[in-house]
>>> print(open('upload-v5.txt').read())   # compact mmCIF, N, CA and C atoms
# COMPACT_ATOMS: atom_id res chain seq x y z
N MET A 249 129.23 163.77 132.47
CA MET A 249 129.40 164.11 131.08
C MET A 249 129.39 162.81 130.27
N ALA A 250 128.82 162.85 129.12
CA ALA A 250 128.72 161.68 128.26
C ALA A 250 130.10 161.28 127.75
N GLY A 251 130.21 160.04 127.37
CA GLY A 251 131.46 159.52 126.84
C GLY A 251 131.75 160.08 125.46
N PRO A 252 132.95 159.82 124.96
CA PRO A 252 133.31 160.33 123.65
C PRO A 252 132.43 159.77 122.54
N ILE A 253 132.11 160.62 121.59
CA ILE A 253 131.34 160.18 120.42
C ILE A 253 132.23 159.32 119.54
N ILE A 254 133.47 159.75 119.34
CA ILE A 254 134.42 158.98 118.55
C ILE A 254 134.99 157.93 119.49
N ARG A 255 134.43 156.76 119.43
CA ARG A 255 134.90 155.69 120.30
C ARG A 255 136.30 155.27 119.84
N SER A 256 137.04 154.74 120.78
CA SER A 256 138.41 154.35 120.44
C SER A 256 138.43 153.33 119.31
N SER A 257 137.38 152.48 119.23
CA SER A 257 137.36 151.49 118.14
C SER A 257 137.21 152.18 116.79
N ASN A 258 136.44 153.27 116.71
CA ASN A 258 136.30 153.99 115.44
C ASN A 258 137.62 154.66 115.06
N LEU A 259 138.23 155.30 116.03
CA LEU A 259 139.52 155.94 115.78
C LEU A 259 140.55 154.87 115.44
N GLN A 260 140.51 153.77 116.16
CA GLN A 260 141.46 152.69 115.90
C GLN A 260 141.28 152.13 114.50
N PHE A 261 140.03 152.06 114.04
CA PHE A 261 139.77 151.60 112.67
C PHE A 261 140.50 152.48 111.67
N LEU A 262 140.39 153.80 111.83
CA LEU A 262 141.04 154.74 110.91
C LEU A 262 142.56 154.58 110.97
N LEU A 263 143.09 154.46 112.16
CA LEU A 263 144.54 154.30 112.32
C LEU A 263 145.02 152.96 111.75
N ASP A 264 144.21 151.92 111.93
CA ASP A 264 144.58 150.62 111.36
C ASP A 264 144.62 150.66 109.84
N ARG A 265 143.65 151.36 109.23
CA ARG A 265 143.65 151.46 107.77
C ARG A 265 144.87 152.24 107.30
N ALA A 266 145.26 153.28 108.03
CA ALA A 266 146.46 154.04 107.65
C ALA A 266 147.69 153.15 107.74
N GLU A 267 147.78 152.36 108.80
CA GLU A 267 148.92 151.45 108.96
C GLU A 267 148.94 150.40 107.86
N GLU A 268 147.78 149.89 107.52
CA GLU A 268 147.67 148.90 106.44
C GLU A 268 148.16 149.50 105.11
N ALA A 269 147.74 150.72 104.83
CA ALA A 269 148.17 151.37 103.59
C ALA A 269 149.68 151.62 103.62
N ARG A 270 150.22 151.96 104.78
CA ARG A 270 151.67 152.19 104.92
C ARG A 270 152.43 150.89 104.62
N GLU A 271 151.93 149.79 105.19
CA GLU A 271 152.58 148.50 104.96
C GLU A 271 152.51 148.09 103.49
N GLN A 272 151.37 148.36 102.87
CA GLN A 272 151.23 148.03 101.45
C GLN A 272 152.18 148.87 100.60
N ALA A 273 152.35 150.12 100.99
CA ALA A 273 153.27 150.99 100.25
C ALA A 273 154.70 150.49 100.36
N GLU A 274 155.07 150.06 101.58
CA GLU A 274 156.43 149.55 101.78
C GLU A 274 156.68 148.25 101.01
N ALA A 275 155.62 147.47 100.85
CA ALA A 275 155.76 146.18 100.16
C ALA A 275 155.62 146.31 98.64
N ALA A 276 155.12 147.42 98.18
CA ALA A 276 154.85 147.59 96.74
C ALA A 276 156.15 147.62 95.95
N THR A 277 156.12 146.96 94.81
CA THR A 277 157.29 146.98 93.94
C THR A 277 157.12 147.97 92.79
N LEU A 278 155.89 148.32 92.49
CA LEU A 278 155.62 149.28 91.42
C LEU A 278 155.43 150.68 92.02
N ASP A 279 156.03 151.66 91.35
CA ASP A 279 155.96 153.04 91.84
C ASP A 279 154.54 153.55 91.95
N HIS A 280 153.72 153.29 90.92
CA HIS A 280 152.36 153.84 90.95
C HIS A 280 151.52 153.18 92.06
N VAL A 281 151.77 151.93 92.38
CA VAL A 281 151.07 151.26 93.48
C VAL A 281 151.53 151.86 94.81
N ARG A 282 152.83 152.06 94.95
CA ARG A 282 153.37 152.67 96.17
C ARG A 282 152.77 154.06 96.39
N GLU A 283 152.70 154.85 95.33
CA GLU A 283 152.13 156.20 95.44
C GLU A 283 150.64 156.16 95.82
N ARG A 284 149.91 155.22 95.21
CA ARG A 284 148.49 155.08 95.54
C ARG A 284 148.32 154.72 97.02
N CYS A 285 149.16 153.84 97.51
CA CYS A 285 149.09 153.44 98.92
C CYS A 285 149.47 154.61 99.84
N ARG A 286 150.44 155.41 99.45
CA ARG A 286 150.82 156.59 100.25
C ARG A 286 149.68 157.61 100.29
N ARG A 287 148.99 157.79 99.17
CA ARG A 287 147.83 158.69 99.16
C ARG A 287 146.72 158.15 100.07
N SER A 288 146.52 156.86 100.02
CA SER A 288 145.52 156.23 100.87
C SER A 288 145.89 156.41 102.34
N GLU A 289 147.14 156.19 102.66
CA GLU A 289 147.63 156.39 104.03
C GLU A 289 147.37 157.82 104.49
N ALA A 290 147.69 158.77 103.65
CA ALA A 290 147.48 160.18 104.01
C ALA A 290 146.00 160.48 104.23
N ALA A 291 145.14 159.89 103.40
CA ALA A 291 143.70 160.12 103.55
C ALA A 291 143.19 159.53 104.87
N TRP A 292 143.62 158.32 105.21
CA TRP A 292 143.19 157.71 106.47
C TRP A 292 143.71 158.51 107.66
N GLU A 293 144.95 158.97 107.58
CA GLU A 293 145.51 159.79 108.66
C GLU A 293 144.73 161.09 108.82
N ALA A 294 144.35 161.70 107.69
CA ALA A 294 143.58 162.94 107.74
C ALA A 294 142.22 162.70 108.40
N LEU A 295 141.59 161.58 108.09
CA LEU A 295 140.31 161.25 108.72
C LEU A 295 140.48 161.04 110.22
N ALA A 296 141.54 160.38 110.62
CA ALA A 296 141.80 160.16 112.05
C ALA A 296 142.06 161.50 112.75
N ASP A 297 142.82 162.37 112.13
CA ASP A 297 143.08 163.70 112.71
C ASP A 297 141.78 164.49 112.86
N LYS A 298 140.95 164.42 111.84
CA LYS A 298 139.67 165.13 111.90
C LYS A 298 138.79 164.58 113.02
N ALA A 299 138.78 163.26 113.18
CA ALA A 299 138.00 162.65 114.25
C ALA A 299 138.51 163.08 115.62
N ARG A 300 139.83 163.12 115.78
CA ARG A 300 140.41 163.58 117.06
C ARG A 300 140.03 165.03 117.33
N ARG A 301 140.16 165.86 116.32
CA ARG A 301 139.87 167.29 116.46
C ARG A 301 138.39 167.51 116.79
N SER A 302 137.52 166.77 116.12
CA SER A 302 136.08 166.91 116.37
C SER A 302 135.73 166.49 117.79
N GLU A 303 136.34 165.43 118.25
CA GLU A 303 136.08 164.96 119.62
C GLU A 303 136.58 165.97 120.64
N ARG A 304 137.76 166.54 120.39
CA ARG A 304 138.30 167.55 121.30
C ARG A 304 137.37 168.76 121.37
N LEU A 305 136.90 169.22 120.21
CA LEU A 305 135.99 170.36 120.17
C LEU A 305 134.66 170.05 120.86
N ARG A 306 134.16 168.82 120.69
CA ARG A 306 132.92 168.43 121.33
C ARG A 306 133.07 168.43 122.85
N LEU A 307 134.21 167.92 123.33
CA LEU A 307 134.44 167.91 124.78
C LEU A 307 134.59 169.33 125.33
N GLU A 308 135.30 170.19 124.61
CA GLU A 308 135.46 171.58 125.04
C GLU A 308 134.10 172.29 125.10
N GLU A 309 133.25 172.03 124.11
CA GLU A 309 131.92 172.65 124.09
C GLU A 309 131.07 172.13 125.26
N ALA A 310 131.16 170.86 125.54
CA ALA A 310 130.41 170.29 126.67
C ALA A 310 130.88 170.89 127.99
N GLU A 311 132.19 171.08 128.13
CA GLU A 311 132.73 171.70 129.35
C GLU A 311 132.27 173.14 129.46
N ARG A 312 132.26 173.86 128.33
CA ARG A 312 131.82 175.26 128.34
C ARG A 312 130.36 175.35 128.77
N LYS A 313 129.52 174.48 128.21
CA LYS A 313 128.10 174.49 128.56
C LYS A 313 127.88 174.10 130.02
N ALA A 314 128.67 173.17 130.52
CA ALA A 314 128.55 172.77 131.92
C ALA A 314 128.93 173.93 132.84
N ALA A 315 129.97 174.66 132.46
CA ALA A 315 130.39 175.82 133.27
C ALA A 315 129.30 176.89 133.28
N ILE A 316 128.68 177.13 132.13
CA ILE A 316 127.60 178.12 132.05
C ILE A 316 126.42 177.66 132.90
N ALA A 317 126.08 176.39 132.81
CA ALA A 317 124.95 175.86 133.59
C ALA A 317 125.23 175.98 135.08
N ALA A 318 126.46 175.69 135.50
CA ALA A 318 126.81 175.79 136.91
C ALA A 318 126.74 177.24 137.39
N THR A 319 127.23 178.16 136.57
CA THR A 319 127.18 179.58 136.93
C THR A 319 125.74 180.06 137.01
N THR A 320 124.93 179.67 136.04
CA THR A 320 123.53 180.07 136.02
C THR A 320 122.79 179.52 137.24
N THR A 321 123.05 178.26 137.56
CA THR A 321 122.41 177.65 138.72
C THR A 321 122.82 178.37 139.99
N ASN A 322 124.10 178.68 140.13
CA ASN A 322 124.56 179.40 141.32
C ASN A 322 123.93 180.78 141.40
N ASP A 323 123.82 181.48 140.26
CA ASP A 323 123.21 182.80 140.24
C ASP A 323 121.75 182.73 140.67
N VAL A 324 121.03 181.74 140.19
CA VAL A 324 119.62 181.58 140.54
C VAL A 324 119.48 181.31 142.02
N HIS A 325 120.34 180.43 142.56
CA HIS A 325 120.27 180.12 143.99
C HIS A 325 120.59 181.36 144.82
N GLN A 326 121.59 182.13 144.41
CA GLN A 326 121.94 183.33 145.14
C GLN A 326 120.81 184.35 145.09
N GLU A 327 120.19 184.49 143.92
CA GLU A 327 119.08 185.43 143.79
C GLU A 327 117.92 184.99 144.65
N PHE A 328 117.62 183.72 144.66
CA PHE A 328 116.51 183.20 145.46
C PHE A 328 116.80 183.40 146.94
N ASP A 329 118.04 183.13 147.36
CA ASP A 329 118.40 183.28 148.77
C ASP A 329 118.36 184.74 149.20
N SER A 330 118.58 185.66 148.27
CA SER A 330 118.61 187.07 148.64
C SER A 330 117.21 187.69 148.71
N LEU A 331 116.22 187.00 148.21
CA LEU A 331 114.86 187.52 148.28
C LEU A 331 114.40 187.58 149.72
N GLU A 332 113.62 188.63 150.04
CA GLU A 332 113.08 188.71 151.40
C GLU A 332 112.05 187.61 151.55
N LYS A 333 112.20 186.89 152.59
CA LYS A 333 111.25 185.84 152.85
C LYS A 333 110.09 186.44 153.63
N PRO A 334 108.86 186.19 153.23
CA PRO A 334 107.72 186.78 153.92
C PRO A 334 107.63 186.23 155.35
N ALA A 335 107.35 187.14 156.24
CA ALA A 335 107.20 186.74 157.64
C ALA A 335 105.83 186.11 157.80
N VAL A 336 105.82 184.97 158.38
CA VAL A 336 104.56 184.29 158.62
C VAL A 336 104.20 184.53 160.08
N ALA A 337 103.17 185.33 160.26
CA ALA A 337 102.74 185.66 161.63
C ALA A 337 101.66 184.68 162.04
N MET A 338 101.89 184.07 163.14
CA MET A 338 100.92 183.16 163.67
C MET A 338 100.19 183.87 164.79
N ALA A 339 99.16 184.55 164.41
CA ALA A 339 98.39 185.31 165.41
C ALA A 339 97.57 184.33 166.24
N ASP A 340 97.51 184.64 167.51
CA ASP A 340 96.72 183.79 168.40
C ASP A 340 95.28 184.21 168.26
N SER A 341 94.60 183.58 167.33
CA SER A 341 93.24 183.97 167.04
C SER A 341 92.22 183.04 167.71
N GLY A 342 92.71 182.21 168.53
CA GLY A 342 91.79 181.33 169.23
C GLY A 342 91.61 180.03 168.49
N PRO A 343 90.65 179.27 168.93
CA PRO A 343 90.43 177.97 168.31
C PRO A 343 89.94 178.11 166.89
N LEU A 344 90.30 177.13 166.05
CA LEU A 344 89.91 177.17 164.66
C LEU A 344 88.45 176.75 164.50
N HIS A 345 87.97 175.93 165.36
CA HIS A 345 86.58 175.45 165.25
C HIS A 345 85.75 176.04 166.39
N SER A 346 84.59 176.41 166.08
CA SER A 346 83.72 176.90 167.16
C SER A 346 83.03 175.71 167.81
N GLU A 347 82.93 175.83 169.13
CA GLU A 347 82.33 174.73 169.86
C GLU A 347 80.97 175.03 170.34
>>> encode(input="upload-v5.txt", output="structure tokens")
Amino acid sequence: MAGPIIRSSNLQFLLDRAEEAREQAEAATLDHVRERCRRSEAAWEALADKARRSERLRLEEAERKAAIAATTTNDVHQEFDSLEKPAVAMADSGPLHSE
């Protein structure tokens, strides 16, 4: 199965921005700056949550498709194995070349 689309560095980027906004909010002395930083933090957190959720859904879908493919492959093999195999009769018809 392929690796995650949302690489840890991408997710880490979103989480780092949320942490940065949180730190700025804590350091802010003006209320409106603190509120702006809190909104920014919430937005970065929401993006990180969405990225996690999307990755989880992508992995679940890949697992579902793999299970279907495995079942289908097994069904095809079972169907093929259950077919009557034609009997190959090797009749003794003599030499293949006339002498």
>>> select_by_dssp(input="upload-v5.txt", residues="region 269-342 of chain A", states="helix (DSSP H, G or I)", output="ChimeraX atom specification")
/A:269-275,279-330
>>> atom_distance(input="upload-v5.txt", atom1="CA of Leu305 (chain A)", atom2="CA of Glu268 (chain A)")
28.0 Å
>>> atom_distance(input="upload-v5.txt", atom1="atom N of Arg301 (chain A)", atom2="CA of Thr319 (chain A)")
28.0 Å
>>> residues_around(input="upload-v5.txt", residues="Ser257 (chain A)", least_positions_apart="6", cutoff="12 Å", atoms="only C-alpha atoms", output="PyMOL selection string")
chain A and resi 263-264+296+299
>>> atom_distance(input="upload-v5.txt", atom1="atom N of Arg312 (chain A)", atom2="atom N of Lys298 (chain A)")
20.9 Å
>>> axis_aligned_box(input="upload-v5.txt", around="region 312-326 of chain A", padding_each_side="5 Å", output="JSON")
{"center_x": 125.9, "center_y": 178.6, "center_z": 136.7, "size_x": 22.8, "size_y": 21.6, "size_z": 26.9}
>>> residues_around(input="upload-v5.txt", residues="Arg284 (chain A)", least_positions_apart="5", cutoff="10 Å", atoms="only C-alpha atoms", output="count of residues only")
7
>>> decode(input="upload-v5.txt", residues="region 280-311 of chain A", atoms="N, CA and C atoms", output="compact mmCIF listing (two decimals), in the first residue's frame")
# COMPACT_ATOMS: atom_id res chain seq x y z
N HIS A 280 -7.38 42.80 20.83
CA HIS A 280 -7.73 42.48 19.45
C HIS A 280 -6.64 41.65 18.77
N VAL A 281 -5.39 41.84 19.14
CA VAL A 281 -4.29 41.03 18.59
C VAL A 281 -4.39 39.62 19.15
N ARG A 282 -4.66 39.50 20.44
CA ARG A 282 -4.82 38.18 21.06
C ARG A 282 -5.96 37.41 20.39
N GLU A 283 -7.08 38.08 20.16
CA GLU A 283 -8.23 37.43 19.51
C GLU A 283 -7.90 36.99 18.08
N ARG A 284 -7.19 37.86 17.36
CA ARG A 284 -6.79 37.51 15.99
C ARG A 284 -5.89 36.27 16.00
N CYS A 285 -4.98 36.21 16.93
CA CYS A 285 -4.08 35.05 17.03
C CYS A 285 -4.85 33.79 17.42
N ARG A 286 -5.83 33.91 18.29
CA ARG A 286 -6.66 32.75 18.68
C ARG A 286 -7.47 32.25 17.47
N ARG A 287 -7.99 33.17 16.66
CA ARG A 287 -8.71 32.75 15.45
C ARG A 287 -7.77 32.04 14.49
N SER A 288 -6.57 32.57 14.36
CA SER A 288 -5.57 31.96 13.50
C SER A 288 -5.22 30.56 14.00
N GLU A 289 -5.03 30.43 15.29
CA GLU A 289 -4.75 29.12 15.90
C GLU A 289 -5.88 28.13 15.59
N ALA A 290 -7.10 28.57 15.76
CA ALA A 290 -8.25 27.70 15.50
C ALA A 290 -8.30 27.27 14.03
N ALA A 291 -7.97 28.21 13.13
CA ALA A 291 -7.98 27.88 11.70
C ALA A 291 -6.90 26.86 11.36
N TRP A 292 -5.70 27.03 11.91
CA TRP A 292 -4.62 26.07 11.65
C TRP A 292 -4.97 24.70 12.23
N GLU A 293 -5.55 24.68 13.42
CA GLU A 293 -5.96 23.41 14.03
C GLU A 293 -7.03 22.72 13.18
N ALA A 294 -7.97 23.51 12.66
CA ALA A 294 -9.02 22.93 11.81
C ALA A 294 -8.42 22.32 10.54
N LEU A 295 -7.44 23.00 9.96
CA LEU A 295 -6.77 22.45 8.78
C LEU A 295 -6.03 21.16 9.11
N ALA A 296 -5.37 21.11 10.25
CA ALA A 296 -4.67 19.90 10.67
C ALA A 296 -5.67 18.75 10.90
N ASP A 297 -6.79 19.06 11.54
CA ASP A 297 -7.82 18.04 11.76
C ASP A 297 -8.36 17.50 10.44
N LYS A 298 -8.59 18.41 9.52
CA LYS A 298 -9.10 18.01 8.20
C LYS A 298 -8.09 17.13 7.48
N ALA A 299 -6.81 17.47 7.57
CA ALA A 299 -5.77 16.67 6.94
C ALA A 299 -5.71 15.28 7.56
N ARG A 300 -5.82 15.20 8.88
CA ARG A 300 -5.82 13.88 9.56
C ARG A 300 -7.02 13.06 9.12
N ARG A 301 -8.18 13.68 9.09
CA ARG A 301 -9.41 12.99 8.71
C ARG A 301 -9.35 12.50 7.26
N SER A 302 -8.84 13.34 6.38
CA SER A 302 -8.72 12.97 4.97
C SER A 302 -7.77 11.79 4.79
N GLU A 303 -6.68 11.81 5.51
CA GLU A 303 -5.71 10.70 5.42
C GLU A 303 -6.32 9.41 5.95
N ARG A 304 -7.05 9.51 7.06
CA ARG A 304 -7.70 8.32 7.63
C ARG A 304 -8.70 7.74 6.63
N LEU A 305 -9.51 8.60 6.01
CA LEU A 305 -10.49 8.14 5.03
C LEU A 305 -9.81 7.53 3.80
N ARG A 306 -8.69 8.12 3.37
CA ARG A 306 -7.97 7.60 2.23
C ARG A 306 -7.42 6.20 2.53
N LEU A 307 -6.88 6.02 3.74
CA LEU A 307 -6.35 4.71 4.11
C LEU A 307 -7.48 3.68 4.23
N GLU A 308 -8.61 4.07 4.80
CA GLU A 308 -9.74 3.15 4.90
C GLU A 308 -10.24 2.73 3.52
N GLU A 309 -10.29 3.68 2.59
CA GLU A 309 -10.73 3.37 1.23
C GLU A 309 -9.74 2.44 0.54
N ALA A 310 -8.46 2.67 0.74
CA ALA A 310 -7.44 1.79 0.14
C ALA A 310 -7.56 0.38 0.71
N GLU A 311 -7.80 0.26 2.00
CA GLU A 311 -7.98 -1.05 2.62
C GLU A 311 -9.23 -1.74 2.09
